Structure formats: structure tokens, C-alpha cells
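J.: Next comes the structure file my_file-v3.tsv, holding TSV, C-alpha atoms.
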```tsv
chain	number	residue	atom	x	y	z
A	1	MET	CA	-1.96	-39.23	6.34
A	2	GLY	CA	-3.08	-36.24	4.37
A	3	LYS	CA	-1.62	-34.60	1.36
A	4	LYS	CA	1.97	-33.82	2.19
A	5	ASP	CA	3.56	-30.40	2.03
A	6	ALA	CA	0.55	-28.50	0.76
A	7	ASN	CA	0.48	-24.74	0.79
A	8	VAL	CA	-1.29	-23.18	3.76
A	9	ARG	CA	-2.74	-19.71	3.78
A	10	MET	CA	-0.74	-17.78	6.35
A	11	SER	CA	-2.85	-15.71	8.69
A	12	LEU	CA	-1.70	-14.03	11.86
A	13	GLN	CA	-3.43	-16.71	13.94
A	14	THR	CA	-1.79	-19.50	11.92
A	15	LEU	CA	1.59	-17.92	12.55
A	16	ARG	CA	0.90	-17.73	16.26
A	17	VAL	CA	-0.05	-21.40	16.35
A	18	LEU	CA	3.10	-22.33	14.44
A	19	GLU	CA	5.18	-20.19	16.78
A	20	VAL	CA	3.87	-22.18	19.76
A	21	PHE	CA	4.89	-25.44	18.15
A	22	LEU	CA	8.27	-24.11	17.02
A	23	GLU	CA	9.22	-23.32	20.63
A	24	ASN	CA	9.70	-27.03	21.12
A	25	PRO	CA	9.21	-28.85	17.82
A	26	THR	CA	9.13	-32.32	19.36
A	27	GLU	CA	6.50	-31.48	21.95
A	28	LYS	CA	3.00	-32.87	21.57
A	29	LEU	CA	0.31	-30.33	22.37
A	30	ALA	CA	-3.44	-30.53	22.76
A	31	GLY	CA	-5.70	-27.78	21.53
A	32	ALA	CA	-6.19	-26.61	25.11
A	33	ASP	CA	-2.40	-26.28	25.55
A	34	VAL	CA	-2.12	-24.20	22.39
A	35	HIS	CA	-4.98	-22.01	23.58
A	36	GLN	CA	-3.25	-21.42	26.91
A	37	ARG	CA	0.01	-20.43	25.22
A	38	CYS	CA	-1.21	-18.19	22.43
A	39	GLY	CA	-4.75	-17.29	23.54
A	40	ILE	CA	-6.47	-18.06	20.25
A	41	ALA	CA	-10.17	-18.84	20.70
A	42	SER	CA	-11.45	-22.31	20.00
A	43	GLY	CA	-13.51	-21.15	17.03
A	44	THR	CA	-10.32	-20.17	15.22
A	45	LEU	CA	-7.85	-22.61	16.73
A	46	TYR	CA	-9.36	-25.97	15.75
A	47	PRO	CA	-9.91	-25.13	12.06
A	48	ILE	CA	-6.26	-24.02	11.91
A	49	LEU	CA	-5.08	-27.24	13.53
A	50	LEU	CA	-7.14	-29.28	11.07
A	51	ARG	CA	-5.87	-27.32	8.10
A	52	LEU	CA	-2.26	-27.71	9.13
A	53	GLU	CA	-2.81	-31.40	9.77
A	54	SER	CA	-4.46	-31.91	6.41
A	55	ALA	CA	-1.61	-30.04	4.76
A	56	GLY	CA	0.86	-32.46	6.31
A	57	TRP	CA	2.45	-29.93	8.63
A	58	PHE	CA	1.02	-31.60	11.76
A	59	VAL	CA	0.18	-35.12	12.81
A	60	SER	CA	-2.24	-35.87	15.61
A	61	GLN	CA	-2.92	-38.87	17.79
A	62	TRP	CA	-4.93	-39.70	20.88
A	63	GLU	CA	-3.24	-39.44	24.22
A	64	SER	CA	-2.13	-42.90	25.37
A	65	ILE	CA	-3.79	-42.96	28.78
A	66	ASP	CA	-6.55	-44.92	30.41
A	67	PRO	CA	-9.36	-42.40	30.96
A	68	ALA	CA	-10.88	-44.50	33.74
A	69	SER	CA	-7.70	-44.61	35.78
A	70	VAL	CA	-6.69	-40.99	35.13
A	71	GLY	CA	-10.19	-39.67	35.67
A	72	ARG	CA	-10.40	-37.54	32.55
A	73	PRO	CA	-10.99	-38.13	28.85
A	74	ARG	CA	-8.05	-38.64	26.55
A	75	ARG	CA	-6.90	-35.61	24.60
A	76	ARG	CA	-5.96	-35.25	20.96
A	77	LEU	CA	-2.29	-34.32	20.72
A	78	TYR	CA	-0.72	-32.50	17.79
A	79	ARG	CA	2.94	-32.54	16.79
A	80	LEU	CA	4.96	-30.88	14.02
A	81	THR	CA	6.08	-33.15	11.20
A	82	SER	CA	9.50	-32.76	9.62
A	83	THR	CA	7.79	-31.12	6.65
A	84	GLY	CA	5.88	-28.81	8.94
A	85	LEU	CA	9.03	-27.92	10.83
A	86	ARG	CA	10.88	-27.11	7.61
A	87	ARG	CA	8.05	-25.12	6.08
A	88	ALA	CA	7.25	-23.22	9.27
A	89	SER	CA	10.93	-22.35	9.68
A	90	GLU	CA	10.99	-21.12	6.08
A	91	VAL	CA	7.93	-18.97	6.67
A	92	PHE	CA	9.43	-17.32	9.75
A	93	ALA	CA	12.80	-16.93	8.02
A	94	SER	CA	11.11	-15.14	5.13
A	95	PHE	CA	9.40	-12.81	7.61
A	96	ASN	CA	12.77	-12.04	9.15
A	97	ARG	CA	14.02	-11.18	5.67
A	98	GLY	CA	11.08	-8.86	5.21
A	99	VAL	CA	9.56	-10.97	2.45
A	100	LEU	CA	6.12	-12.47	2.76
A	101	ALA	CA	5.89	-16.16	2.02
B	1	MET	CA	-26.88	-22.35	50.70
B	2	SER	CA	-24.79	-20.13	48.44
B	3	GLN	CA	-22.40	-23.01	47.73
B	4	ARG	CA	-25.34	-25.13	46.71
B	5	ASN	CA	-26.51	-22.39	44.31
B	6	GLU	CA	-23.03	-22.09	42.81
B	7	ARG	CA	-22.85	-25.82	42.28
B	8	SER	CA	-26.23	-25.90	40.59
B	9	THR	CA	-25.27	-22.96	38.34
B	10	GLN	CA	-21.99	-24.63	37.42
B	11	ALA	CA	-23.78	-27.87	36.66
B	12	GLU	CA	-26.25	-26.04	34.42
B	13	SER	CA	-23.48	-24.24	32.53
B	14	ASN	CA	-21.58	-27.51	32.13
B	15	GLY	CA	-24.70	-29.08	30.75
B	16	VAL	CA	-25.14	-26.25	28.27
B	17	SER	CA	-21.49	-26.44	27.25
B	18	HIS	CA	-21.69	-30.19	26.73
B	19	TRP	CA	-24.88	-29.82	24.75
B	20	LEU	CA	-23.33	-27.10	22.55
B	21	ILE	CA	-20.23	-29.20	21.87
B	22	HIS	CA	-22.34	-32.26	21.14
B	23	HIS	CA	-24.52	-30.22	18.81
B	24	ALA	CA	-21.50	-28.60	17.10
B	25	ALA	CA	-19.70	-31.91	16.64
B	26	HIS	CA	-22.75	-33.50	15.05
B	27	ARG	CA	-22.96	-30.68	12.55
B	28	ALA	CA	-19.34	-31.28	11.56
B	29	PRO	CA	-18.47	-33.58	8.64
B	30	GLU	CA	-19.37	-37.16	9.54
B	31	SER	CA	-15.80	-38.36	9.35
B	32	LEU	CA	-14.70	-35.82	11.94
B	33	SER	CA	-17.80	-35.71	14.11
B	34	SER	CA	-16.89	-38.27	16.79
B	35	ARG	CA	-13.26	-37.24	16.89
B	36	LEU	CA	-14.08	-33.56	17.34
B	37	GLU	CA	-16.64	-34.27	20.04
B	38	GLU	CA	-14.19	-36.34	22.07
B	39	GLU	CA	-11.35	-33.87	21.50
B	40	TRP	CA	-13.44	-30.85	22.41
B	41	LEU	CA	-14.95	-32.49	25.50
B	42	ALA	CA	-11.45	-33.40	26.67
B	43	ASP	CA	-10.20	-29.86	26.10
B	44	LEU	CA	-13.31	-28.48	27.79
B	45	GLY	CA	-12.14	-30.14	31.01
B	46	SER	CA	-9.07	-27.92	31.10
B	47	ARG	CA	-11.24	-24.82	31.40
B	48	ALA	CA	-11.65	-23.70	34.98
B	49	SER	CA	-14.57	-21.29	35.06
B	50	ALA	CA	-18.09	-21.91	33.83
B	51	LEU	CA	-17.96	-18.81	31.64
B	52	SER	CA	-14.73	-19.97	30.03
B	53	ARG	CA	-16.31	-23.35	29.30
B	54	LEU	CA	-19.31	-21.67	27.76
B	55	ARG	CA	-17.09	-19.50	25.58
B	56	PHE	CA	-15.14	-22.56	24.52
B	57	ALA	CA	-18.34	-24.38	23.58
B	58	VAL	CA	-19.64	-21.43	21.57
B	59	GLY	CA	-16.26	-21.24	19.86
B	60	CYS	CA	-16.59	-24.90	18.92
B	61	CYS	CA	-19.91	-24.10	17.22
B	62	TRP	CA	-18.13	-21.46	15.18
B	63	ALA	CA	-15.28	-23.85	14.48
B	64	THR	CA	-17.77	-26.34	13.08
B	65	MET	CA	-19.08	-23.76	10.65
B	66	VAL	CA	-15.55	-23.02	9.46
B	67	ILE	CA	-14.66	-26.70	9.19
B	68	VAL	CA	-17.87	-27.43	7.25
B	69	ASN	CA	-17.02	-24.58	4.93
B	70	ASP	CA	-13.54	-26.01	4.45
B	71	CYS	CA	-14.77	-29.55	3.99
B	72	PRO	CA	-18.26	-29.89	2.40
B	73	ARG	CA	-20.37	-32.82	3.60
B	74	SER	CA	-20.75	-34.23	0.13
B	75	ARG	CA	-17.02	-34.79	-0.16
B	76	VAL	CA	-16.52	-36.45	3.23
B	77	PRO	CA	-16.59	-40.25	3.27
B	78	GLU	CA	-18.43	-42.39	5.82
B	79	ALA	CA	-17.33	-42.40	9.44
B	80	SER	CA	-14.72	-44.98	10.31
B	81	PRO	CA	-11.21	-44.92	11.77
B	82	VAL	CA	-9.83	-44.83	8.25
B	83	ALA	CA	-12.49	-42.44	7.07
B	84	ALA	CA	-11.34	-39.81	9.51
B	85	ALA	CA	-7.96	-39.82	7.86
B	86	ARG	CA	-9.63	-39.60	4.46
B	87	GLY	CA	-11.50	-36.60	5.71
B	88	PHE	CA	-8.18	-34.86	6.20
B	89	ILE	CA	-7.20	-35.80	2.70
B	90	THR	CA	-10.38	-34.18	1.49
B	91	LEU	CA	-9.41	-31.11	3.45
B	92	ALA	CA	-5.95	-31.16	2.04
B	93	ASP	CA	-7.26	-31.40	-1.50
B	94	ARG	CA	-8.89	-28.05	-1.05
B	95	SER	CA	-6.92	-25.09	-2.16
B	96	PHE	CA	-6.18	-22.62	0.59
B	97	GLY	CA	-5.15	-20.03	-1.95
B	98	TYR	CA	-6.70	-16.73	-2.74
B	99	PHE	CA	-9.84	-18.08	-4.40
B	100	SER	CA	-11.55	-20.04	-1.64
B	101	LEU	CA	-15.09	-21.41	-1.69
B	102	ARG	CA	-16.27	-18.47	0.35
B	103	SER	CA	-14.81	-15.99	-2.13
B	104	GLY	CA	-16.35	-17.91	-5.01
B	105	THR	CA	-19.78	-17.81	-3.40
B	106	LEU	CA	-19.42	-14.10	-2.78
B	107	PHE	CA	-18.49	-13.43	-6.40
B	108	LEU	CA	-21.37	-15.61	-7.60
B	109	ILE	CA	-23.91	-13.72	-5.49
B	110	ALA	CA	-22.50	-10.36	-6.56
B	111	GLY	CA	-22.60	-11.46	-10.20
B	112	LEU	CA	-26.22	-12.59	-9.92
B	113	HIS	CA	-27.22	-9.28	-8.38
B	114	ALA	CA	-25.43	-7.36	-11.12
B	115	ALA	CA	-27.09	-9.45	-13.83
B	116	LEU	CA	-30.52	-8.96	-12.25
B	117	PHE	CA	-29.99	-5.23	-11.95
B	118	TYR	CA	-28.81	-4.97	-15.55
B	119	GLY	CA	-31.76	-7.03	-16.76
B	120	LEU	CA	-34.26	-4.82	-14.95
B	121	ILE	CA	-32.74	-1.66	-16.41
B	122	THR	CA	-32.69	-3.09	-19.93
B	123	LEU	CA	-36.29	-4.31	-19.60
B	124	SER	CA	-37.51	-0.94	-18.37
B	125	GLN	CA	-35.81	0.85	-21.29
B	126	THR	CA	-37.05	-1.61	-23.94
B	127	HIS	CA	-40.64	-2.21	-22.90
B	128	GLY	CA	-41.34	0.87	-20.87
B	129	ILE	CA	-42.21	-0.44	-17.48
B	130	VAL	CA	-43.13	3.05	-16.37
B	131	PRO	CA	-46.94	3.48	-16.55
B	132	SER	CA	-48.01	5.50	-19.56
B	133	SER	CA	-50.32	7.59	-17.42
B	134	ILE	CA	-47.29	9.20	-15.84
B	135	LEU	CA	-45.91	10.17	-19.23
B	136	GLU	CA	-49.12	11.82	-20.52
B	137	ASN	CA	-49.06	15.50	-21.34
B	138	ARG	CA	-51.32	17.37	-19.01
B	139	PRO	CA	-52.10	21.11	-19.12
B	140	LEU	CA	-50.62	23.01	-16.27
B	141	GLU	CA	-53.08	24.32	-13.81
B	142	ASP	CA	-53.20	28.05	-13.29
B	143	VAL	CA	-51.05	28.96	-10.43
B	144	PRO	CA	-51.86	32.28	-8.77
B	145	ARG	CA	-48.99	34.63	-9.25
B	146	ALA	CA	-47.54	36.05	-6.13
B	147	LYS	CA	-47.32	39.80	-6.08
B	148	VAL	CA	-43.73	40.85	-5.57
B	149	THR	CA	-43.09	44.24	-4.04
B	150	LEU	CA	-39.65	45.75	-4.25
B	151	PRO	CA	-38.28	47.24	-1.07
B	152	GLN	CA	-38.29	51.02	-1.06
B	153	SER	CA	-34.80	51.26	0.33
B	154	LEU	CA	-33.16	50.01	-2.87
B	155	PRO	CA	-30.94	52.73	-4.42
B	156	LYS	CA	-31.99	54.00	-7.82
B	157	THR	CA	-28.51	54.40	-9.21
B	158	TRP	CA	-25.41	52.29	-8.84
B	159	THR	CA	-21.84	53.22	-9.43
B	160	ILE	CA	-19.59	50.41	-10.55
B	161	THR	CA	-15.90	51.10	-10.80
B	162	VAL	CA	-14.13	48.92	-13.30
B	163	PRO	CA	-10.34	49.16	-13.59
B	164	LYS	CA	-9.19	50.23	-17.00
B	165	PRO	CA	-7.73	47.25	-18.83
B	166	GLU	CA	-4.23	47.56	-20.20
B	167	VAL	CA	-5.22	45.84	-23.43
B	168	PRO	CA	-7.94	47.69	-25.37
B	169	VAL	CA	-11.21	45.83	-25.12
B	170	ARG	CA	-13.29	45.62	-28.22
B	171	PRO	CA	-16.94	46.55	-27.57
B	172	VAL	CA	-19.51	43.93	-28.45
B	173	LEU	CA	-22.48	45.00	-30.53
B	174	VAL	CA	-25.81	44.18	-29.03
B	175	PRO	CA	-28.92	45.02	-31.08
B	176	GLY	CA	-31.11	47.55	-29.36
B	177	ASP	CA	-28.40	48.66	-26.99
B	178	GLU	CA	-28.04	52.40	-26.51
B	179	VAL	CA	-24.29	52.12	-26.65
B	180	THR	CA	-24.44	50.46	-30.04
B	181	ALA	CA	-24.23	53.67	-32.03
B	182	LYS	CA	-21.10	54.84	-30.31
B	183	ALA	CA	-19.52	51.40	-30.49
B	184	ARG	CA	-20.31	51.17	-34.17
B	185	GLU	CA	-18.30	54.33	-34.73
B	186	GLU	CA	-15.36	52.80	-32.92
B	187	LEU	CA	-15.68	49.62	-34.90
B	188	ALA	CA	-15.64	51.54	-38.15
B	189	GLU	CA	-11.96	52.14	-37.62
B	190	PRO	CA	-9.89	49.09	-38.54
B	191	TYR	CA	-8.55	47.37	-35.46
B	192	SER	CA	-4.81	47.02	-35.41
B	193	PRO	CA	-3.20	44.98	-32.66
B	194	PRO	CA	-0.41	46.65	-30.70
B	195	PRO	CA	2.96	46.00	-32.30
B	196	ALA	CA	5.02	43.35	-30.67
B	197	VAL	CA	8.09	44.58	-28.88
B	198	ILE	CA	11.10	43.21	-30.73
B	199	PRO	CA	14.53	43.93	-29.30
B	200	THR	CA	16.48	45.64	-31.98
B	201	HIS	CA	19.83	45.84	-30.20
B	202	VAL	CA	21.92	42.65	-29.85
B	203	VAL	CA	24.82	42.88	-27.40
B	204	ALA	CA	28.11	41.70	-28.84
B	205	ARG	CA	29.68	39.75	-25.97
B	206	VAL	CA	33.23	38.43	-26.13
B	207	ALA	CA	34.20	36.05	-23.33
B	208	GLY	CA	37.42	36.71	-21.48
B	209	GLY	CA	40.30	34.38	-20.69
B	210	PRO	CA	44.00	34.31	-19.78
B	211	GLY	CA	45.62	37.38	-21.23
B	212	ALA	CA	49.11	38.73	-21.77
B	213	GLY	CA	51.54	38.08	-18.92
B	214	PHE	CA	49.55	35.15	-17.59
B	215	PRO	CA	51.89	32.82	-15.60
B	216	ASP	CA	53.29	29.70	-17.23
B	217	THR	CA	51.69	26.39	-16.27
B	218	ALA	CA	55.11	24.77	-15.82
B	219	ASP	CA	55.87	27.08	-12.89
B	220	PHE	CA	52.91	25.68	-11.00
B	221	TYR	CA	53.34	22.02	-11.92
B	222	PRO	CA	53.53	20.24	-8.52
B	223	SER	CA	56.91	18.60	-8.13
B	224	GLN	CA	55.42	15.44	-6.69
B	225	SER	CA	53.08	15.21	-9.69
B	226	ILE	CA	56.10	15.49	-11.96
B	227	ARG	CA	57.77	12.62	-10.11
B	228	LEU	CA	54.61	10.55	-10.30
B	229	GLU	CA	54.11	11.61	-13.92
B	230	GLU	CA	50.62	12.87	-13.19
B	231	GLN	CA	48.98	14.71	-16.10
B	232	GLY	CA	45.51	16.13	-16.73
B	233	VAL	CA	43.27	19.10	-17.25
B	234	SER	CA	41.75	20.93	-14.29
B	235	THR	CA	38.94	23.37	-15.01
B	236	VAL	CA	38.62	26.31	-12.60
B	237	ARG	CA	35.97	29.00	-12.49
B	238	VAL	CA	37.27	32.53	-12.21
B	239	CYS	CA	35.38	35.78	-11.67
B	240	VAL	CA	37.18	38.69	-13.27
B	241	ASP	CA	36.46	42.41	-13.11
B	242	SER	CA	36.75	44.87	-15.96
B	243	HIS	CA	40.47	45.35	-15.23
B	244	GLY	CA	41.33	41.65	-15.53
B	245	ARG	CA	41.69	41.14	-11.78
B	246	LEU	CA	40.05	38.33	-9.79
B	247	SER	CA	36.96	39.56	-7.98
B	248	SER	CA	36.62	36.32	-5.96
B	249	ASP	CA	38.64	33.23	-5.16
B	250	PRO	CA	38.68	30.73	-8.06
B	251	THR	CA	37.04	27.33	-7.56
B	252	THR	CA	37.55	23.95	-9.19
B	253	VAL	CA	34.70	23.11	-11.57
B	254	GLN	CA	36.01	19.82	-12.91
B	255	GLY	CA	38.97	18.05	-11.35
B	256	SER	CA	41.81	16.42	-13.25
B	257	GLY	CA	41.71	13.30	-11.13
B	258	SER	CA	44.67	14.43	-9.07
B	259	THR	CA	44.23	16.63	-6.02
B	260	ARG	CA	47.76	17.92	-6.42
B	261	LEU	CA	47.15	19.06	-10.00
B	262	ASP	CA	43.84	20.69	-9.01
B	263	GLU	CA	45.58	22.63	-6.23
B	264	GLY	CA	48.31	23.66	-8.65
B	265	ALA	CA	45.66	24.90	-11.08
B	266	LEU	CA	44.03	26.99	-8.34
B	267	ARG	CA	47.41	28.51	-7.41
B	268	LEU	CA	48.02	29.32	-11.07
B	269	ALA	CA	44.56	30.91	-11.40
B	270	ARG	CA	45.19	33.07	-8.31
B	271	ALA	CA	48.64	34.08	-9.54
B	272	GLY	CA	47.17	35.19	-12.86
B	273	SER	CA	45.04	37.92	-11.26
B	274	GLY	CA	45.52	41.14	-13.21
B	275	HIS	CA	46.54	39.23	-16.32
B	276	TYR	CA	43.11	38.05	-17.32
B	277	ARG	CA	41.40	39.37	-20.41
B	278	ALA	CA	38.07	40.84	-19.24
B	279	THR	CA	34.84	39.91	-20.99
B	280	THR	CA	33.59	42.69	-23.26
B	281	GLU	CA	30.08	43.68	-24.21
B	282	ASP	CA	29.91	45.92	-27.23
B	283	GLY	CA	33.61	46.42	-26.77
B	284	GLN	CA	33.34	47.58	-23.15
B	285	PRO	CA	34.99	45.41	-20.46
B	286	VAL	CA	32.55	44.10	-17.86
B	287	ASN	CA	32.68	41.97	-14.74
B	288	SER	CA	32.04	38.29	-15.51
B	289	CYS	CA	32.78	34.72	-14.47
B	290	TYR	CA	33.95	32.00	-16.85
B	291	PRO	CA	35.70	28.62	-16.75
B	292	VAL	CA	39.38	28.30	-17.56
B	293	GLY	CA	40.89	24.93	-18.44
B	294	ILE	CA	44.48	24.43	-17.22
B	295	ARG	CA	46.38	21.53	-18.75
B	296	PHE	CA	49.30	19.96	-16.96
B	297	GLN	CA	51.29	17.92	-19.44
B	298	LEU	CA	54.83	16.60	-19.12
B	299	LYS	CA	57.18	17.29	-22.00
B	300	LYS	CA	58.77	14.19	-23.50
```
For the structure just supplied, provide its representation as C-alpha cells.
T.:
Amino acid sequence: MGKKDANVRMSLQTLRVLEVFLENPTEKLAGADVHQRCGIASGTLYPILLRLESAGWFVSQWESIDPASVGRPRRRLYRLTSTGLRRASEVFASFNRGVLA
Amino acid sequence: MSQRNERSTQAESNGVSHWLIHHAAHRAPESLSSRLEEEWLADLGSRASALSRLRFAVGCCWATMVIVNDCPRSRVPEASPVAAARGFITLADRSFGYFSLRSGTLFLIAGLHAALFYGLITLSQTHGIVPSSILENRPLEDVPRAKVTLPQSLPKTWTITVPKPEVPVRPVLVPGDEVTAKAREELAEPYSPPPAVIPTHVVARVAGGPGAGFPDTADFYPSQSIRLEEQGVSTVRVCVDSHGRLSSDPTTVQGSGSTRLDEGALRLARAGSGHYRATTEDGQPVNSCYPVGIRFQLKK
């Protein structure tokens, strides 16, 4: 996929997005799910998701459903990678230590 | 009737939202355009109210601007399933550090403005951009003088009280002043500064200390310290009157390292009251405080 393990500028919104994914690291979430959980507007949310994906922290894939049978379009689902899980955990651990990453 | 109106309003807002998302997605980098449109339209379906959908669509327009800023069109490859992934690589290649593209553009614009401003100032100073007609000397036109009348209520004499300075002030000669003649007479005398006050008497002070009959240290050597072979010097501060008696309870200034020895030193200092040698000034005993070092040392 993208460049692995790249540095990502940590903003408050980025941290909130990561926090949502860290609640259940194996869960696949669409942008709408993330919005419902952390309340970040779409104008901020999708650029963050793309940045984290391009940095190798997330991977995304289309939902494996048949839109005709389900009656709705397929969604793009995001999931934490092992790199993303490690780096996000490091970032939050550094905040707990009182040191900015 | 009202339900029909609501439905038509909802349909209109849905149409606007879809149009906005379609428009936003097409402004995104080509590699991401179709993906974003499908993703956003799918996520739009999770919004319940028409207003929420509209807000989401407007947010997508803003997201496109941010994404375009992150990933310039010139660097995004052609649209294809593989190209979308390459688009992410292009994104990842960008540095998300402190010096982003936006910051660079801002600095560039600020620099251009500064250069332009500096150039204009330099040009105006070198070639004189200011029209010469402004700089011509022109005679001043006669301006009618306004007649000023003083108010009649002003007092004719004033009394100013100035406190007499402690240091003599030298008068200043001003030509044409009426006081000049008198001041000149004063100045004829040579000015001598007041003599500095120099203390002529130096007090001969002799510090006091333990005097005759002062108790022996061995009598106050704690028995437990002797068993433990504790040794050291404890410094206590004593305040002694002119008769060699303690005027206040002595205090430990610097301990020996052993609490027992320090307490023994304090007991010794208290027991020595009346046997201290008072401090003298010019031979006369005076009240004073001074440190006394008490050494506890075992004899071998």
C-alpha cells in the first residue's frame, strides 16, 4: 500500500480518530461510524483518514456486500494496521507520560 | 398535503447533497475521485435528517480542498484500481512536518510583499517619487494675528515657597539677570565642598569566650557516646551579658553528627553560665552573642 510507518502530524482531531480505532483495534469502521463516535465533521475526518492510510497506519477496503440485495451502496471500511496500532499506542503512551510525540 | 411538501423538500435537499458530493469528488485528485464519490455517497446514506446530509455534503467539499492541498493534481497518476493506491503513495511521500505546502506558500507570499515594499521605499528614496512641486519653497502667506487679551483677574504678584536645600546650591549666572550682581559676589568666594564626615574613633572589640571556671568537657561527655566511641565538634551559639552569664538559652549552630554529643554540648554551655568571658568594647564588657566550639574527643 502506501509508504509504511511515516510520521503523521498529530492534531487533536487525529488523536480523536485514533482513539476511536484503539477502542477495538480489529474493528473495521466506515467514515460515518467514526463520525458517529467522535463527532468530527466530514471536512476534517476524511483528510485525516486518507493521511493515516497513506502513512501506513490504516488500510481500507470496500465492504463485501451486494448493494442490490442489501439496498444500499457499499461503504469504505478502515482498519488499523499493526504499524498503526503500535504507533498510535506509542503516541497515547507518550501523552500519558506528559511528553508530546 | 404537509407530508407531500416534506417529501419534496427532502428530495430537493438530497439532490443538492448528491450534487455537492459529485462536484466535490470530481474536484479531488483523479486517482481518488471515483473512490471518494462512492465512499461519501455511501456514508451520506447513514445521515438521517436533510440538514445533516447537507452539512455532510458541504464538509465533503471542504475535505476535497484539503485533500487537493495535500495531494497536488500534477503528482497524482491516472485513475485506475492501481492508480488509487499510487495516489496514497503520493500522499505518503508528502511531509506532514512543520513546513507544509500551505506554510511554504504563506512564507512565499509574505516574502514577495516584503520585497515589493522594500523596493518601493528604496525607489522613492533614490529617484524621488514625490513630486517636486510639493518640495518647492513657497513664501508663507500673511496670517492675521489674533489679538490676545489677558484676563483681568490674573494676580500681579506670585509667592512661590521653595524649601531650603540642605546642600548649598550654586547660583547660575545669566547675562542680563538682575540677580547676577549679587551672585557674582557670592561666586567671588572660592567654593569649598563640605568636609566629608570621617569617623575618627574605632571601637576596640574583643570577643568573649569560655572563661575561668568553665566546666570540663569530660564531665558532659555522654556515656553512651563514650561506649560507641562517638567523637566530634559541636558549635553552639551563646548570648552572654556583661557579667559572663547566659542571657538566653544556647542553640546548636553546627552539629557534630551525633545528637547525643550535640545535647551534651548544650548542657555544657548552660552549665558554664557565669563563667563566660564577656565581650569587651574599648575595655568595657558588653552584652553579645558568639559561637563556641565544643570538642568531644576520647583520650587514648
J.: Find the spatial neighbours of Ser247 (chain B), counting all atoms listed in the file, within a cut-off of 9 Å - ignore same-chain residues fewer than 5 positions away - and output them as a ChimeraX atom specification.
T.: /B:238-241,273,287
J.: In Å, how far is it from CA of Thr252 (chain B) to CA of Phe296 (chain B)?
T.: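 Those two atoms sit 14.6 Å apart.
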J.: Please identify all residues of chain A having at least one atom at most 12 Å from any atom of chain B, considering all atoms listed in the file, and return them as an NGL selection string.
T.: :A and (1-11 or 29-36 or 39-63 or 67 or 71-78)
J.: Skipping near chain neighbours, those fewer than 2 positions away, what residues fall within 9 Å of region 254-267 of chain B using all atoms listed in the file, listed as an mmCIF file with C-alpha atoms, keeping the file's coordinate frame?
T.:
```
data_model
loop_
_atom_site.group_PDB
_atom_site.id
_atom_site.type_symbol
_atom_site.label_atom_id
_atom_site.label_comp_id
_atom_site.auth_asym_id
_atom_site.auth_seq_id
_atom_site.Cartn_x
_atom_site.Cartn_y
_atom_site.Cartn_z
ATOM 1 C CA THR B 217 51.690 26.390 -16.270
ATOM 2 C CA PHE B 220 52.910 25.680 -11.000
ATOM 3 C CA TYR B 221 53.340 22.020 -11.920
ATOM 4 C CA PRO B 222 53.530 20.240 -8.520
ATOM 5 C CA GLN B 224 55.420 15.440 -6.690
ATOM 6 C CA SER B 225 53.080 15.210 -9.690
ATOM 7 C CA GLU B 230 50.620 12.870 -13.190
ATOM 8 C CA GLN B 231 48.980 14.710 -16.100
ATOM 9 C CA GLY B 232 45.510 16.130 -16.730
ATOM 10 C CA VAL B 233 43.270 19.100 -17.250
ATOM 11 C CA SER B 234 41.750 20.930 -14.290
ATOM 12 C CA THR B 235 38.940 23.370 -15.010
ATOM 13 C CA VAL B 236 38.620 26.310 -12.600
ATOM 14 C CA ASP B 249 38.640 33.230 -5.160
ATOM 15 C CA PRO B 250 38.680 30.730 -8.060
ATOM 16 C CA THR B 251 37.040 27.330 -7.560
ATOM 17 C CA THR B 252 37.550 23.950 -9.190
ATOM 18 C CA ALA B 269 44.560 30.910 -11.400
ATOM 19 C CA ARG B 270 45.190 33.070 -8.310
ATOM 20 C CA ALA B 271 48.640 34.080 -9.540
ATOM 21 C CA GLY B 272 47.170 35.190 -12.860
ATOM 22 C CA GLY B 293 40.890 24.930 -18.440
ATOM 23 C CA ILE B 294 44.480 24.430 -17.220
ATOM 24 C CA ARG B 295 46.380 21.530 -18.750
ATOM 25 C CA PHE B 296 49.300 19.960 -16.960
#
```
J.: Kindly give the distance, in Å, that separates CA of Thr81 (chain A) and CA of Val20 (chain A), rounded to a single decimal.
T.: 14.1 Å
J.: What is the distance between CA of Thr14 (chain A) and CA of Ser94 (chain A), in Å to one decimal?
T.: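 So the answer is 15.2 Å.
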J.: Fix up region 83-96 of chain A with N, CA and C atoms, then write it as an mmCIF file, in the frame of the given file.
T.:
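Result file follows (selection19.cif):
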```cif
data_model
loop_
_atom_site.group_PDB
_atom_site.id
_atom_site.type_symbol
_atom_site.label_atom_id
_atom_site.label_comp_id
_atom_site.auth_asym_id
_atom_site.auth_seq_id
_atom_site.Cartn_x
_atom_site.Cartn_y
_atom_site.Cartn_z
ATOM 1 N N THR A 83 8.198 -32.069 7.700
ATOM 2 C CA THR A 83 7.790 -31.120 6.650
ATOM 3 C C THR A 83 7.286 -29.823 7.264
ATOM 4 N N GLY A 84 6.429 -29.993 8.283
ATOM 5 C CA GLY A 84 5.880 -28.810 8.940
ATOM 6 C C GLY A 84 6.957 -27.968 9.579
ATOM 7 N N LEU A 85 7.931 -28.651 10.194
ATOM 8 C CA LEU A 85 9.030 -27.920 10.830
ATOM 9 C C LEU A 85 9.826 -27.133 9.796
ATOM 10 N N ARG A 86 10.089 -27.779 8.654
ATOM 11 C CA ARG A 86 10.880 -27.110 7.610
ATOM 12 C C ARG A 86 10.108 -25.938 7.030
ATOM 13 N N ARG A 87 8.825 -26.174 6.720
ATOM 14 C CA ARG A 87 8.050 -25.120 6.080
ATOM 15 C C ARG A 87 7.779 -23.954 7.032
ATOM 16 N N ALA A 88 7.496 -24.291 8.296
ATOM 17 C CA ALA A 88 7.250 -23.220 9.270
ATOM 18 C C ALA A 88 8.514 -22.392 9.477
ATOM 19 N N SER A 89 9.664 -23.077 9.525
ATOM 20 C CA SER A 89 10.930 -22.350 9.680
ATOM 21 C C SER A 89 11.163 -21.440 8.481
ATOM 22 N N GLU A 90 10.833 -21.939 7.290
ATOM 23 C CA GLU A 90 10.990 -21.120 6.080
ATOM 24 C C GLU A 90 10.107 -19.885 6.136
ATOM 25 N N VAL A 91 8.871 -20.093 6.601
ATOM 26 C CA VAL A 91 7.930 -18.970 6.670
ATOM 27 C C VAL A 91 8.472 -17.889 7.611
ATOM 28 N N PHE A 92 8.932 -18.311 8.784
ATOM 29 C CA PHE A 92 9.430 -17.320 9.750
ATOM 30 C C PHE A 92 10.732 -16.703 9.261
ATOM 31 N N ALA A 93 11.557 -17.493 8.556
ATOM 32 C CA ALA A 93 12.800 -16.930 8.020
ATOM 33 C C ALA A 93 12.493 -15.864 6.969
ATOM 34 N N SER A 94 11.472 -16.127 6.154
ATOM 35 C CA SER A 94 11.110 -15.140 5.130
ATOM 36 C C SER A 94 10.577 -13.876 5.765
ATOM 37 N N PHE A 95 9.868 -14.014 6.913
ATOM 38 C CA PHE A 95 9.400 -12.810 7.610
ATOM 39 C C PHE A 95 10.591 -12.032 8.157
ATOM 40 N N ASN A 96 11.588 -12.732 8.629
ATOM 41 C CA ASN A 96 12.770 -12.040 9.150
ATOM 42 C C ASN A 96 13.503 -11.307 8.035
#
```
